[in-house]
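protein-v3.cif follows (mmCIF, C-alpha atoms and all ligand atoms):
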```cif
data_model
loop_
_atom_site.label_atom_id
_atom_site.label_comp_id
_atom_site.auth_asym_id
_atom_site.auth_seq_id
_atom_site.Cartn_x
_atom_site.Cartn_y
_atom_site.Cartn_z
CA MET K 201 27.93 61.82 86.26
CA GLY K 202 26.03 59.51 83.90
CA ASP K 203 25.65 55.81 84.53
CA ILE K 204 26.44 53.52 81.64
CA ILE K 205 25.36 50.00 80.71
CA GLY K 206 27.33 48.09 78.07
CA MET K 207 25.91 45.53 75.65
CA GLY K 208 27.06 43.43 72.74
CA LEU K 209 24.77 41.84 70.18
CA SER K 210 24.61 40.55 66.61
CA HIS K 211 22.85 42.17 63.67
CA TYR K 212 22.79 38.97 61.56
CA PRO K 213 19.93 39.42 59.05
CA GLY K 214 18.24 36.09 59.91
CA PRO K 215 15.94 37.19 62.73
CA ALA K 216 14.04 39.49 60.37
CA VAL K 217 13.09 36.72 57.94
CA PRO K 218 11.11 33.48 58.31
CA VAL K 219 13.34 30.82 59.83
CA GLU K 220 12.72 28.42 56.94
CA ALA K 221 14.83 30.75 54.76
CA TRP K 222 17.87 30.79 57.03
CA PRO K 223 19.73 27.86 55.44
CA ASP K 224 19.23 29.47 52.01
CA MET K 225 22.07 31.93 52.55
CA LEU K 226 24.56 29.27 51.53
CA THR K 227 22.78 28.55 48.26
CA GLN K 228 22.39 32.28 47.60
CA TRP K 229 26.14 32.73 48.04
CA VAL K 230 26.70 29.91 45.55
CA LYS K 231 24.39 31.67 43.05
CA MET K 232 26.23 34.97 43.61
CA GLY K 233 29.59 33.30 43.02
CA ARG K 234 30.80 33.86 46.58
CA ILE K 235 31.00 30.13 47.31
CA ASP K 236 32.41 27.64 44.82
CA PRO K 237 29.55 25.28 43.86
CA ALA K 238 31.97 22.36 44.20
CA ASP K 239 32.75 23.33 47.82
CA PHE K 240 29.06 23.48 48.64
CA ALA K 241 28.33 20.18 46.92
CA ALA K 242 31.23 18.32 48.59
CA GLN K 243 29.45 17.89 51.89
CA ASP K 244 31.59 14.88 52.76
CA LYS K 245 34.50 17.36 53.02
CA TRP K 246 32.65 19.76 55.34
CA PRO K 247 33.72 19.77 58.99
CA ALA K 248 31.83 17.06 60.92
CA ALA K 249 30.07 19.69 63.05
CA MET K 250 28.82 21.42 59.90
CA ARG K 251 27.46 18.17 58.47
CA ALA K 252 25.70 17.47 61.77
CA GLU K 253 24.21 20.97 61.84
CA TRP K 254 22.99 20.65 58.25
CA GLY K 255 21.54 17.28 59.28
CA GLY K 256 18.99 15.36 57.26
CA ASP K 257 16.71 18.34 56.72
CA ALA K 258 19.10 20.83 55.07
CA GLY K 259 19.56 22.88 58.24
CA GLN K 260 15.86 23.41 59.09
CA SER K 261 15.93 21.97 62.64
CA SER K 262 19.21 23.71 63.41
CA ALA K 263 17.83 27.00 62.14
CA ARG K 264 14.99 26.86 64.67
CA LEU K 265 17.41 26.11 67.54
CA HIS K 266 19.69 28.93 66.40
CA ARG K 267 16.74 31.32 66.17
CA ASP K 268 15.51 30.43 69.66
CA ARG K 269 18.92 31.27 71.16
CA LEU K 270 19.06 34.58 69.30
CA PHE K 271 15.52 35.61 70.22
CA ALA K 272 16.21 34.77 73.87
CA GLY K 273 19.36 36.92 73.74
CA TYR K 274 17.54 39.94 72.32
CA ALA K 275 14.76 39.56 74.90
CA ARG K 276 17.32 39.55 77.71
CA LEU K 277 19.05 42.63 76.38
CA ARG K 278 15.76 44.48 75.90
CA LYS K 279 14.74 43.63 79.47
CA ALA K 280 18.08 44.95 80.75
CA LEU K 281 17.66 48.10 78.65
CA ASP K 282 14.13 48.71 79.96
CA ASP K 283 15.28 48.15 83.56
CA PHE K 284 18.14 50.60 83.04
CA GLN K 285 16.00 53.23 81.24
CA PRO K 286 18.72 54.94 79.20
CA ASP K 287 18.37 58.49 77.94
CA VAL K 288 20.52 57.57 74.94
CA VAL K 289 21.66 54.37 73.20
CA VAL K 290 25.08 54.74 71.58
CA MET K 291 25.99 52.09 69.01
CA PHE K 292 29.26 51.08 67.40
CA GLY K 293 28.37 49.55 64.02
CA ASP K 294 29.79 48.90 60.58
CA ASP K 295 28.75 50.57 57.36
CA GLN K 296 28.70 47.96 54.64
CA TYR K 297 29.01 50.33 51.70
CA GLU K 298 25.62 51.87 52.54
CA ASN K 299 26.08 55.47 53.65
CA PHE K 300 29.81 55.68 52.95
CA LYS K 301 30.92 54.88 49.42
CA GLN K 302 33.89 55.36 47.12
CA ASP K 303 33.98 59.16 47.52
CA CYS K 304 34.84 58.94 51.22
CA ILE K 305 35.25 56.06 53.69
CA PRO K 306 35.81 57.47 57.19
CA ALA K 307 37.55 55.32 59.79
CA PHE K 308 35.08 56.58 62.42
CA ALA K 309 32.01 58.78 61.93
CA VAL K 310 29.45 60.19 64.35
CA GLY K 311 25.91 60.32 62.96
CA ILE K 312 24.29 63.60 64.04
CA PHE K 313 20.58 63.23 63.32
CA ASP K 314 17.19 63.98 64.89
CA SER K 315 15.55 60.91 63.42
CA VAL K 316 16.06 58.69 60.40
CA ALA K 317 13.44 56.94 58.29
CA CYS K 318 14.73 53.40 57.76
CA LYS K 319 13.50 50.48 55.66
CA PRO K 320 14.95 47.33 57.25
CA PHE K 321 12.02 44.97 56.62
CA GLY K 322 13.23 43.77 53.23
CA THR K 323 16.62 42.85 54.62
CA GLY K 324 16.32 39.22 53.49
CA ARG K 325 16.46 39.98 49.78
CA VAL K 326 20.19 39.63 49.16
CA PRO K 327 21.31 37.08 51.75
CA PHE K 328 18.24 34.83 51.71
CA GLY K 329 16.54 35.54 48.37
CA THR K 330 13.26 36.59 50.00
CA ASP K 331 11.44 39.83 50.77
CA ALA K 332 9.33 38.11 53.42
CA ASN K 333 9.72 39.12 57.05
CA ILE K 334 8.47 37.66 60.32
CA TRP K 335 6.09 40.55 60.91
CA GLY K 336 4.31 40.09 57.57
CA VAL K 337 4.66 43.76 56.61
CA PRO K 338 5.59 45.05 53.13
CA ALA K 339 9.36 45.10 52.55
CA ASP K 340 9.38 48.87 52.04
CA THR K 341 7.60 49.65 55.34
CA GLU K 342 9.24 52.57 57.10
CA LEU K 343 10.69 52.41 60.59
CA THR K 344 11.48 55.79 62.11
CA VAL K 345 14.51 55.57 64.39
CA GLN K 346 14.79 58.43 66.87
CA CYS K 347 18.31 59.79 67.27
CA SER K 348 19.88 62.17 69.78
CA HIS K 349 21.28 65.17 67.95
CA GLU K 350 22.49 66.68 71.24
CA ALA K 351 24.32 63.59 72.50
CA ALA K 352 25.89 63.00 69.08
CA ALA K 353 27.03 66.59 68.48
CA GLY K 354 28.38 66.83 72.04
CA LEU K 355 30.39 63.63 71.59
CA CYS K 356 31.78 64.84 68.27
CA ARG K 357 32.93 68.14 69.76
CA ASP K 358 34.51 66.38 72.72
CA LEU K 359 36.36 63.82 70.58
CA LEU K 360 37.80 66.53 68.32
CA ALA K 361 38.83 68.56 71.36
CA GLN K 362 40.69 65.45 72.56
CA ASP K 363 42.55 65.31 69.20
CA PHE K 364 40.49 62.30 68.13
CA ASP K 365 39.85 63.18 64.49
CA VAL K 366 36.42 61.69 63.84
CA ALA K 367 34.25 62.48 60.84
CA TYR K 368 30.63 63.37 61.29
CA SER K 369 27.60 62.90 59.12
CA ARG K 370 24.48 65.10 58.91
CA ALA K 371 22.76 63.42 55.97
CA ILE K 372 21.72 59.93 54.98
CA ARG K 373 22.48 58.65 51.48
CA HIS K 374 21.39 55.00 51.80
CA PRO K 375 17.81 54.47 50.49
CA LYS K 376 17.19 52.24 53.51
CA GLY K 377 18.30 54.92 55.98
CA LEU K 378 20.71 54.03 58.76
CA SER K 379 23.26 51.33 57.97
CA HIS K 380 22.15 47.73 58.65
CA SER K 381 24.21 47.47 61.85
CA PHE K 382 22.11 50.20 63.53
CA ALA K 383 18.68 49.66 61.96
CA LEU K 384 18.70 45.90 62.53
CA ALA K 385 19.92 46.27 66.12
CA VAL K 386 16.97 48.59 66.84
CA LEU K 387 14.61 46.20 65.07
CA TYR K 388 15.85 43.14 67.01
CA LEU K 389 15.68 44.95 70.34
CA ASP K 390 12.01 45.43 69.51
CA LEU K 391 11.14 42.01 68.08
CA GLU K 392 7.63 42.29 69.50
CA ARG K 393 7.24 45.68 67.78
CA LYS K 394 6.04 47.49 70.86
CA GLY K 395 8.26 50.44 70.04
CA PHE K 396 11.84 51.46 70.81
CA PRO K 397 11.63 54.65 72.85
CA TYR K 398 15.37 55.32 73.24
CA PRO K 399 17.11 57.79 70.89
CA ILE K 400 20.31 56.44 69.41
CA VAL K 401 23.72 57.82 68.44
CA PRO K 402 25.14 55.80 65.51
CA LEU K 403 28.94 55.57 65.51
CA SER K 404 30.23 54.11 62.26
CA VAL K 405 33.41 52.07 62.35
CA ASN K 406 35.01 51.09 59.03
CA CYS K 407 35.19 47.40 59.86
CA TYR K 408 35.38 46.01 56.37
CA CYS K 409 39.13 46.41 56.13
CA ASN K 410 40.64 44.77 53.08
CA GLN K 411 37.24 43.50 51.89
CA LEU K 412 35.35 46.80 51.66
CA ILE K 413 35.52 47.23 47.89
CA LYS K 414 35.68 43.57 46.90
CA THR K 415 32.97 42.14 49.21
CA ALA K 416 30.86 45.00 50.60
CA ALA K 417 30.80 47.12 47.42
CA GLY K 418 30.56 43.90 45.40
CA ALA K 419 27.22 43.12 47.08
CA HIS K 420 25.93 46.40 45.59
CA GLY K 421 27.30 45.64 42.11
CA GLU K 422 30.04 48.26 42.53
CA GLY K 423 32.93 46.06 43.56
CA ALA K 424 36.38 45.59 42.14
CA ASP K 425 38.87 42.78 42.55
CA GLU K 426 41.21 44.73 44.77
CA ILE K 427 42.39 44.82 48.35
CA SER K 428 41.05 47.91 50.11
CA PRO K 429 43.11 50.12 52.42
CA PRO K 430 42.90 48.84 55.99
CA ALA K 431 40.42 49.53 58.76
CA PRO K 432 41.49 51.46 61.85
CA THR K 433 43.66 49.24 64.03
CA PRO K 434 42.21 47.40 67.03
CA LYS K 435 44.44 49.66 69.16
CA ARG K 436 42.74 52.74 67.73
CA CYS K 437 39.24 51.20 68.00
CA PHE K 438 39.92 50.40 71.65
CA ALA K 439 41.08 53.98 72.27
CA PHE K 440 37.98 55.26 70.44
CA GLY K 441 35.76 53.21 72.77
CA ARG K 442 37.60 54.57 75.81
CA ALA K 443 37.19 58.16 74.63
CA VAL K 444 33.47 57.66 73.95
CA ALA K 445 32.98 56.19 77.42
CA ARG K 446 34.85 59.08 79.05
CA TYR K 447 32.58 61.60 77.42
CA TYR K 448 29.34 59.91 78.36
CA ALA K 449 30.50 59.07 81.90
CA ALA K 450 30.97 62.81 82.45
CA SER K 451 27.63 63.66 80.81
CA PRO K 452 24.30 64.15 82.57
CA TRP K 453 22.75 61.19 80.73
CA ARG K 454 22.13 57.54 81.45
CA VAL K 455 23.70 55.84 78.45
CA ALA K 456 23.67 52.36 76.93
CA ILE K 457 26.77 51.65 74.84
CA ILE K 458 26.27 48.81 72.36
CA GLY K 459 28.72 46.97 70.10
CA SER K 460 26.69 45.72 67.13
CA SER K 461 28.06 42.78 65.15
CA SER K 462 28.48 39.04 64.88
CA TRP K 463 31.98 37.68 65.21
CA SER K 464 33.68 35.59 62.49
CA HIS K 465 31.65 35.66 59.26
CA ALA K 466 31.78 32.76 56.80
CA SER K 467 31.23 35.35 54.07
CA LEU K 468 34.56 36.98 55.02
CA THR K 469 36.53 33.82 55.82
CA THR K 470 38.27 33.34 52.49
CA LYS K 471 40.52 30.54 53.80
CA HIS K 472 37.35 28.42 54.21
CA GLY K 473 36.06 29.34 50.76
CA ARG K 474 33.54 31.60 52.59
CA LEU K 475 31.62 28.44 53.54
CA TYR K 476 31.91 28.55 57.35
CA PRO K 477 33.37 30.91 59.96
CA ASP K 478 36.56 30.55 62.01
CA ILE K 479 35.34 28.70 65.10
CA PRO K 480 38.66 28.48 67.04
CA ALA K 481 39.26 32.23 66.63
CA ASP K 482 35.82 33.03 68.03
CA ARG K 483 36.21 30.56 70.89
CA ALA K 484 39.34 32.46 71.90
CA LEU K 485 37.36 35.72 72.03
CA HIS K 486 34.63 34.01 74.02
CA GLU K 487 37.20 32.79 76.57
CA ASP K 488 38.56 36.34 76.86
CA LEU K 489 35.10 37.77 77.40
CA LYS K 490 33.98 35.18 79.95
CA ASN K 491 37.20 35.56 81.91
CA ASN K 492 37.34 39.36 81.85
CA ARG K 493 40.38 39.46 79.58
CA PHE K 494 38.67 41.66 76.96
CA ASP K 495 40.87 44.54 78.12
CA ARG K 496 43.57 43.11 75.87
CA TRP K 497 41.52 43.33 72.67
CA GLY K 498 43.24 46.60 71.83
CA GLY K 499 46.28 44.41 71.19
CA LEU K 500 44.56 42.17 68.64
CA ASP K 501 46.28 41.99 65.28
CA LEU K 502 44.29 43.41 62.35
CA SER K 503 45.63 40.93 59.81
CA ALA K 504 44.75 38.04 62.15
CA LEU K 505 41.19 39.40 62.45
CA GLU K 506 40.96 39.61 58.66
CA ASP K 507 42.31 36.08 58.28
CA ALA K 508 39.62 34.85 60.70
CA GLY K 509 36.75 36.73 59.00
CA GLN K 510 36.40 38.73 62.23
CA HIS K 511 36.35 42.12 60.51
CA GLU K 512 33.21 43.27 62.32
CA VAL K 513 34.63 42.36 65.73
CA LEU K 514 36.14 45.86 65.64
CA ASN K 515 32.72 47.05 66.87
CA TRP K 516 33.20 44.83 69.94
CA VAL K 517 36.77 46.10 70.34
CA CYS K 518 35.32 49.62 70.67
CA LEU K 519 32.85 48.27 73.25
CA ALA K 520 35.71 46.50 75.08
CA GLY K 521 37.61 49.79 75.23
CA ALA K 522 34.57 51.55 76.66
CA MET K 523 34.00 48.88 79.31
CA THR K 524 37.69 48.82 80.21
CA GLU K 525 37.61 52.59 80.66
CA LEU K 526 34.68 52.22 83.06
CA GLY K 527 35.89 49.05 84.79
CA GLN K 528 32.62 47.21 83.95
CA LYS K 529 32.52 43.44 83.57
CA PRO K 530 30.09 41.24 81.64
CA GLN K 531 27.45 39.64 83.82
CA PHE K 532 25.67 37.81 81.03
CA VAL K 533 27.39 36.22 78.03
CA ASP K 534 25.78 33.85 75.54
CA TYR K 535 28.00 32.69 72.69
CA VAL K 536 26.04 31.01 69.88
CA GLU K 537 28.17 28.94 67.54
CA THR K 538 27.31 27.78 64.02
CA HIS K 539 28.92 26.50 60.85
CA VAL K 540 25.82 26.90 58.69
CA PHE K 541 24.29 30.29 59.58
CA ASN K 542 27.14 32.51 58.41
CA SER K 543 28.44 33.85 61.72
CA ASN K 544 28.95 33.08 65.37
CA LYS K 545 26.95 35.43 67.55
CA CYS K 546 27.50 36.70 71.05
CA PHE K 547 25.27 38.52 73.52
CA ALA K 548 26.70 40.31 76.53
CA VAL K 549 25.52 42.73 79.19
CA PHE K 550 27.92 44.81 81.29
CA PRO K 551 25.73 46.24 84.09
CA PRO K 552 26.49 49.58 85.68
CA ALA K 553 27.66 50.01 89.24
CA ASP K 554 24.12 50.72 90.46
CA GLY K 555 22.96 47.30 89.29
CA ARG K 556 20.04 48.58 87.20
CA GLY K 557 19.84 46.53 84.04
CA SER K 558 21.38 43.51 85.76
CA VAL K 559 20.37 40.15 84.33
CA PRO K 560 20.14 36.82 86.12
CA ALA K 561 22.94 34.40 85.26
CA VAL K 562 22.05 31.64 82.77
FE FE L 601 27.55 44.02 59.59
#
```
Entire entry expressed as structure tokens:
Amino acid sequence: MGDIIGMGLSHYPGPAVPVEAWPDMLTQWVKMGRIDPADFAAQDKWPAAMRAEWGGDAGQSSARLHRDRLFAGYARLRKALDDFQPDVVVMFGDDQYENFKQDCIPAFAVGIFDSVACKPFGTGRVPFGTDANIWGVPADTELTVQCSHEAAAGLCRDLLAQDFDVAYSRAIRHPKGLSHSFALAVLYLDLERKGFPYPIVPLSVNCYCNQLIKTAAGAHGEGADEISPPAPTPKRCFAFGRAVARYYAASPWRVAIIGSSSWSHASLTTKHGRLYPDIPADRALHEDLKNNRFDRWGGLDLSALEDAGQHEVLNWVCLAGAMTELGQKPQFVDYVETHVFNSNKCFAVFPPADGRGSVPAV
């Protein structure tokens, strides 16, 4: 029976680009028409915590603090991964109108690949207005991500045999390869660029819910002012996570299961004019996680998640289902809050029963 370690992380695009550019996302959103220029200019109406974070240097000092927390989180997760030595890394991640477009948007899809050539180094172009990256390599540099065909195909067969009607994908359409949620997670778990030796299984979750066509397709110039059909419910995402965990727990492999996403996104929080995320909603999730109440995330309400800009949290709901199935609890949780840098981020490690991959408490 395979041991499993669980992890949650963010794939916020910031860590790939020079920190000086991080505050520029807000001005880029203004230029793109996502944020009303009047809302951005009226800083006296911003929440006090947002004004303090923006400070007297337009967010530069706060960006460095935010970066340091994120880099520390990725380093901890990588250390836990290396201690655990997985055979396979399975990731729940969202497709933001990259590999799945208007012809078919699956609720869940298993990526069955041997390897995928990705180009994540120019990830700062849209959100930050720069092609620069912290490694100083050309934006179109290729990153080959190894995948496990066997562990993906086996999961797909098992899920279908359990009457869980997943789609599967055998080809990549996105010019940058794997969707951002997978490619950036691999990149950030290898910030020092020493290599990422673990083959992955990408599991796409249609997180974008009502905003898929308007916001995600809109970022590619193919949007329409319409409300998209919904995402799978949190109940179904939780059940999906449980089913995935059951399969890998019965497999011969050591497996890391990762939920890849930030929590509330300013860019999806329409009630705040897309200026800042829903802090109280994320604090509630953080309390659940810290206090081992994540087993109730299958009961979250989809419209409440959408209202809070927490669309991508569905990736963490899948992870919560998997960890509930296995009875694993988080040993390390770091919740990083922000008003300025688009999304609140959380890092978590759920060690296996054998303790390998354990992390010291903060
Ligand atoms: Fe995402």
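Of note, atom CA of Phe240 of chain K and atom CA of Asp478 of chain K are spaced 16.9 Å apart.
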**Contacts of ligand FE 601 (chain L), 6 Å or closer, all atoms listed in the file, given as an NGL selection string** = :K and (294 or 381 or 461)
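For Val288 of chain K, the non-local neighbours within 6 Å, defined as residues at least 5 positions apart in the same chain or in other chains and counting all atoms listed in the file, are Tyr398, Pro399, Ile400 and Val455 of chain K.
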**Complete:** Using only C-alpha atoms, the residue out of K:Gly527, K:Gly354, K:Gly459, K:Gly499 with shortest distance to Val290 of chain K is K:Gly459
**Request:** For Ala548 of chain K, work out the shell of residues within 12 Å, counting all atoms listed in the file and skipping chain neighbours fewer than 3 positions away, then give it as number ranges by chain.
**Result:** K: 205-210, 270, 273-274, 276-278, 280, 457-462, 486, 489-490, 492, 516, 519-520, 523, 528-536, 545, 551, 557-559, 561-562
Grab the residues selected above and save them as an mmCIF file, in the frame of the given file with C-alpha atoms.
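Writing the result to result23.cif gives the following:
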```cif
data_model
loop_
_atom_site.group_PDB
_atom_site.id
_atom_site.type_symbol
_atom_site.label_atom_id
_atom_site.label_comp_id
_atom_site.auth_asym_id
_atom_site.auth_seq_id
_atom_site.Cartn_x
_atom_site.Cartn_y
_atom_site.Cartn_z
ATOM 1 C CA ILE K 205 25.360 50.000 80.710
ATOM 2 C CA GLY K 206 27.330 48.090 78.070
ATOM 3 C CA MET K 207 25.910 45.530 75.650
ATOM 4 C CA GLY K 208 27.060 43.430 72.740
ATOM 5 C CA LEU K 209 24.770 41.840 70.180
ATOM 6 C CA SER K 210 24.610 40.550 66.610
ATOM 7 C CA LEU K 270 19.060 34.580 69.300
ATOM 8 C CA GLY K 273 19.360 36.920 73.740
ATOM 9 C CA TYR K 274 17.540 39.940 72.320
ATOM 10 C CA ARG K 276 17.320 39.550 77.710
ATOM 11 C CA LEU K 277 19.050 42.630 76.380
ATOM 12 C CA ARG K 278 15.760 44.480 75.900
ATOM 13 C CA ALA K 280 18.080 44.950 80.750
ATOM 14 C CA ILE K 457 26.770 51.650 74.840
ATOM 15 C CA ILE K 458 26.270 48.810 72.360
ATOM 16 C CA GLY K 459 28.720 46.970 70.100
ATOM 17 C CA SER K 460 26.690 45.720 67.130
ATOM 18 C CA SER K 461 28.060 42.780 65.150
ATOM 19 C CA SER K 462 28.480 39.040 64.880
ATOM 20 C CA HIS K 486 34.630 34.010 74.020
ATOM 21 C CA LEU K 489 35.100 37.770 77.400
ATOM 22 C CA LYS K 490 33.980 35.180 79.950
ATOM 23 C CA ASN K 492 37.340 39.360 81.850
ATOM 24 C CA TRP K 516 33.200 44.830 69.940
ATOM 25 C CA LEU K 519 32.850 48.270 73.250
ATOM 26 C CA ALA K 520 35.710 46.500 75.080
ATOM 27 C CA MET K 523 34.000 48.880 79.310
ATOM 28 C CA GLN K 528 32.620 47.210 83.950
ATOM 29 C CA LYS K 529 32.520 43.440 83.570
ATOM 30 C CA PRO K 530 30.090 41.240 81.640
ATOM 31 C CA GLN K 531 27.450 39.640 83.820
ATOM 32 C CA PHE K 532 25.670 37.810 81.030
ATOM 33 C CA VAL K 533 27.390 36.220 78.030
ATOM 34 C CA ASP K 534 25.780 33.850 75.540
ATOM 35 C CA TYR K 535 28.000 32.690 72.690
ATOM 36 C CA VAL K 536 26.040 31.010 69.880
ATOM 37 C CA LYS K 545 26.950 35.430 67.550
ATOM 38 C CA PRO K 551 25.730 46.240 84.090
ATOM 39 C CA GLY K 557 19.840 46.530 84.040
ATOM 40 C CA SER K 558 21.380 43.510 85.760
ATOM 41 C CA VAL K 559 20.370 40.150 84.330
ATOM 42 C CA ALA K 561 22.940 34.400 85.260
ATOM 43 C CA VAL K 562 22.050 31.640 82.770
#
```
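The closest residue to Cys546 of chain K, picked from K:Phe300, K:Tyr447, K:Trp463, K:Phe494 and counting all atoms listed in the file, is K:Trp463.
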**Asked** Which residue out of K:Tyr368, K:Phe550, K:Phe541, K:Phe438 has the minimum interatomic distance to Gly311 of chain K when all atoms listed in the file are used?
**Response**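 When distances to Gly311 of chain K are compared using all atoms listed in the file, the smallest one comes from K:Tyr368.
Proximity to Pro477 of chain K was assessed for K:Leu355, K:Ala456, K:Leu412, K:Gln510 counting all atoms listed in the file; the smallest distance is recorded for K:Gln510.
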**Request:** Find the residues near Asn333 of chain K: any atom within 6 Å, counting all atoms listed in the file, skip ones fewer than 6 places away on the same chain, and give them as a PyMOL selection string.
**Result:** chain K and resi 216-218
**Request:** For Arg446 of chain K, work out the shell of residues within 10 Å, counting all atoms listed in the file and skipping chain neighbours fewer than 4 positions away, then give it as a ChimeraX atom specification.
**Result:** /K:355,358-359,440-442,450-451,522,525-526
For the residues selected in the previous step, produce a file with C-alpha atoms as a short mmCIF file (atom, residue, chain, number, x, y, z; two decimals), in the frame of the given file.
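Saved the output as part03.cif:
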```
data_model
loop_
_atom_site.label_atom_id
_atom_site.label_comp_id
_atom_site.auth_asym_id
_atom_site.auth_seq_id
_atom_site.Cartn_x
_atom_site.Cartn_y
_atom_site.Cartn_z
CA LEU K 355 30.39 63.63 71.59
CA ASP K 358 34.51 66.38 72.72
CA LEU K 359 36.36 63.82 70.58
CA PHE K 440 37.98 55.26 70.44
CA GLY K 441 35.76 53.21 72.77
CA ARG K 442 37.60 54.57 75.81
CA ALA K 450 30.97 62.81 82.45
CA SER K 451 27.63 63.66 80.81
CA ALA K 522 34.57 51.55 76.66
CA GLU K 525 37.61 52.59 80.66
CA LEU K 526 34.68 52.22 83.06
#
```
Give me, as a Markdown table, each residue of segment 410-475 of chain K that comes within 8 Å of segment 225-236 of chain K, together with its shortest interatomic pair and the distance in Å at one decimal, counting only C-alpha atoms, with rows ordered by chain and rising residue number.
```
| residue | atom | partner | partner_atom | distance |
| --- | --- | --- | --- | --- |
| K:Ser467 | CA | K:Arg234 | CA | 7.6 |
| K:Gly473 | CA | K:Ile235 | CA | 6.2 |
| K:Arg474 | CA | K:Ile235 | CA | 6.0 |
| K:Leu475 | CA | K:Ile235 | CA | 6.5 |
```
Add whatever atoms are absent from segment 377-389 of chain K to reach N, CA and C atoms, and provide the output as a PDB file, keeping the file's coordinate frame.
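Listed below is the output, selection-v2.pdb:
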```
ATOM      1  N   GLY K 377      18.077  54.146  54.762  1.00  0.00           N
ATOM      2  CA  GLY K 377      18.300  54.920  55.980  1.00  0.00           C
ATOM      3  C   GLY K 377      19.592  54.555  56.678  1.00  0.00           C
ATOM      4  N   LEU K 378      19.512  54.371  57.998  1.00  0.00           N
ATOM      5  CA  LEU K 378      20.710  54.030  58.760  1.00  0.00           C
ATOM      6  C   LEU K 378      21.299  52.715  58.232  1.00  0.00           C
ATOM      7  N   SER K 379      22.596  52.558  58.381  1.00  0.00           N
ATOM      8  CA  SER K 379      23.260  51.330  57.970  1.00  0.00           C
ATOM      9  C   SER K 379      22.658  50.138  58.719  1.00  0.00           C
ATOM     10  N   HIS K 380      22.784  48.949  58.114  1.00  0.00           N
ATOM     11  CA  HIS K 380      22.150  47.730  58.650  1.00  0.00           C
ATOM     12  C   HIS K 380      22.507  47.481  60.112  1.00  0.00           C
ATOM     13  N   SER K 381      23.737  47.804  60.495  1.00  0.00           N
ATOM     14  CA  SER K 381      24.210  47.470  61.850  1.00  0.00           C
ATOM     15  C   SER K 381      23.417  48.231  62.917  1.00  0.00           C
ATOM     16  N   PHE K 382      22.909  49.412  62.573  1.00  0.00           N
ATOM     17  CA  PHE K 382      22.110  50.200  63.530  1.00  0.00           C
ATOM     18  C   PHE K 382      20.622  49.871  63.404  1.00  0.00           C
ATOM     19  N   ALA K 383      20.123  49.869  62.160  1.00  0.00           N
ATOM     20  CA  ALA K 383      18.680  49.660  61.960  1.00  0.00           C
ATOM     21  C   ALA K 383      18.261  48.270  62.428  1.00  0.00           C
ATOM     22  N   LEU K 384      19.081  47.254  62.118  1.00  0.00           N
ATOM     23  CA  LEU K 384      18.700  45.900  62.530  1.00  0.00           C
ATOM     24  C   LEU K 384      18.820  45.721  64.040  1.00  0.00           C
ATOM     25  N   ALA K 385      19.803  46.359  64.654  1.00  0.00           N
ATOM     26  CA  ALA K 385      19.920  46.270  66.120  1.00  0.00           C
ATOM     27  C   ALA K 385      18.673  46.843  66.785  1.00  0.00           C
ATOM     28  N   VAL K 386      18.207  47.994  66.284  1.00  0.00           N
ATOM     29  CA  VAL K 386      16.970  48.590  66.840  1.00  0.00           C
ATOM     30  C   VAL K 386      15.790  47.656  66.606  1.00  0.00           C
ATOM     31  N   LEU K 387      15.718  47.101  65.406  1.00  0.00           N
ATOM     32  CA  LEU K 387      14.610  46.200  65.070  1.00  0.00           C
ATOM     33  C   LEU K 387      14.610  44.959  65.979  1.00  0.00           C
ATOM     34  N   TYR K 388      15.778  44.387  66.219  1.00  0.00           N
ATOM     35  CA  TYR K 388      15.850  43.140  67.010  1.00  0.00           C
ATOM     36  C   TYR K 388      15.664  43.406  68.507  1.00  0.00           C
ATOM     37  N   LEU K 389      15.958  44.624  68.932  1.00  0.00           N
ATOM     38  CA  LEU K 389      15.680  44.950  70.340  1.00  0.00           C
ATOM     39  C   LEU K 389      14.210  45.289  70.536  1.00  0.00           C
TER      40      LEU K 389
END
```
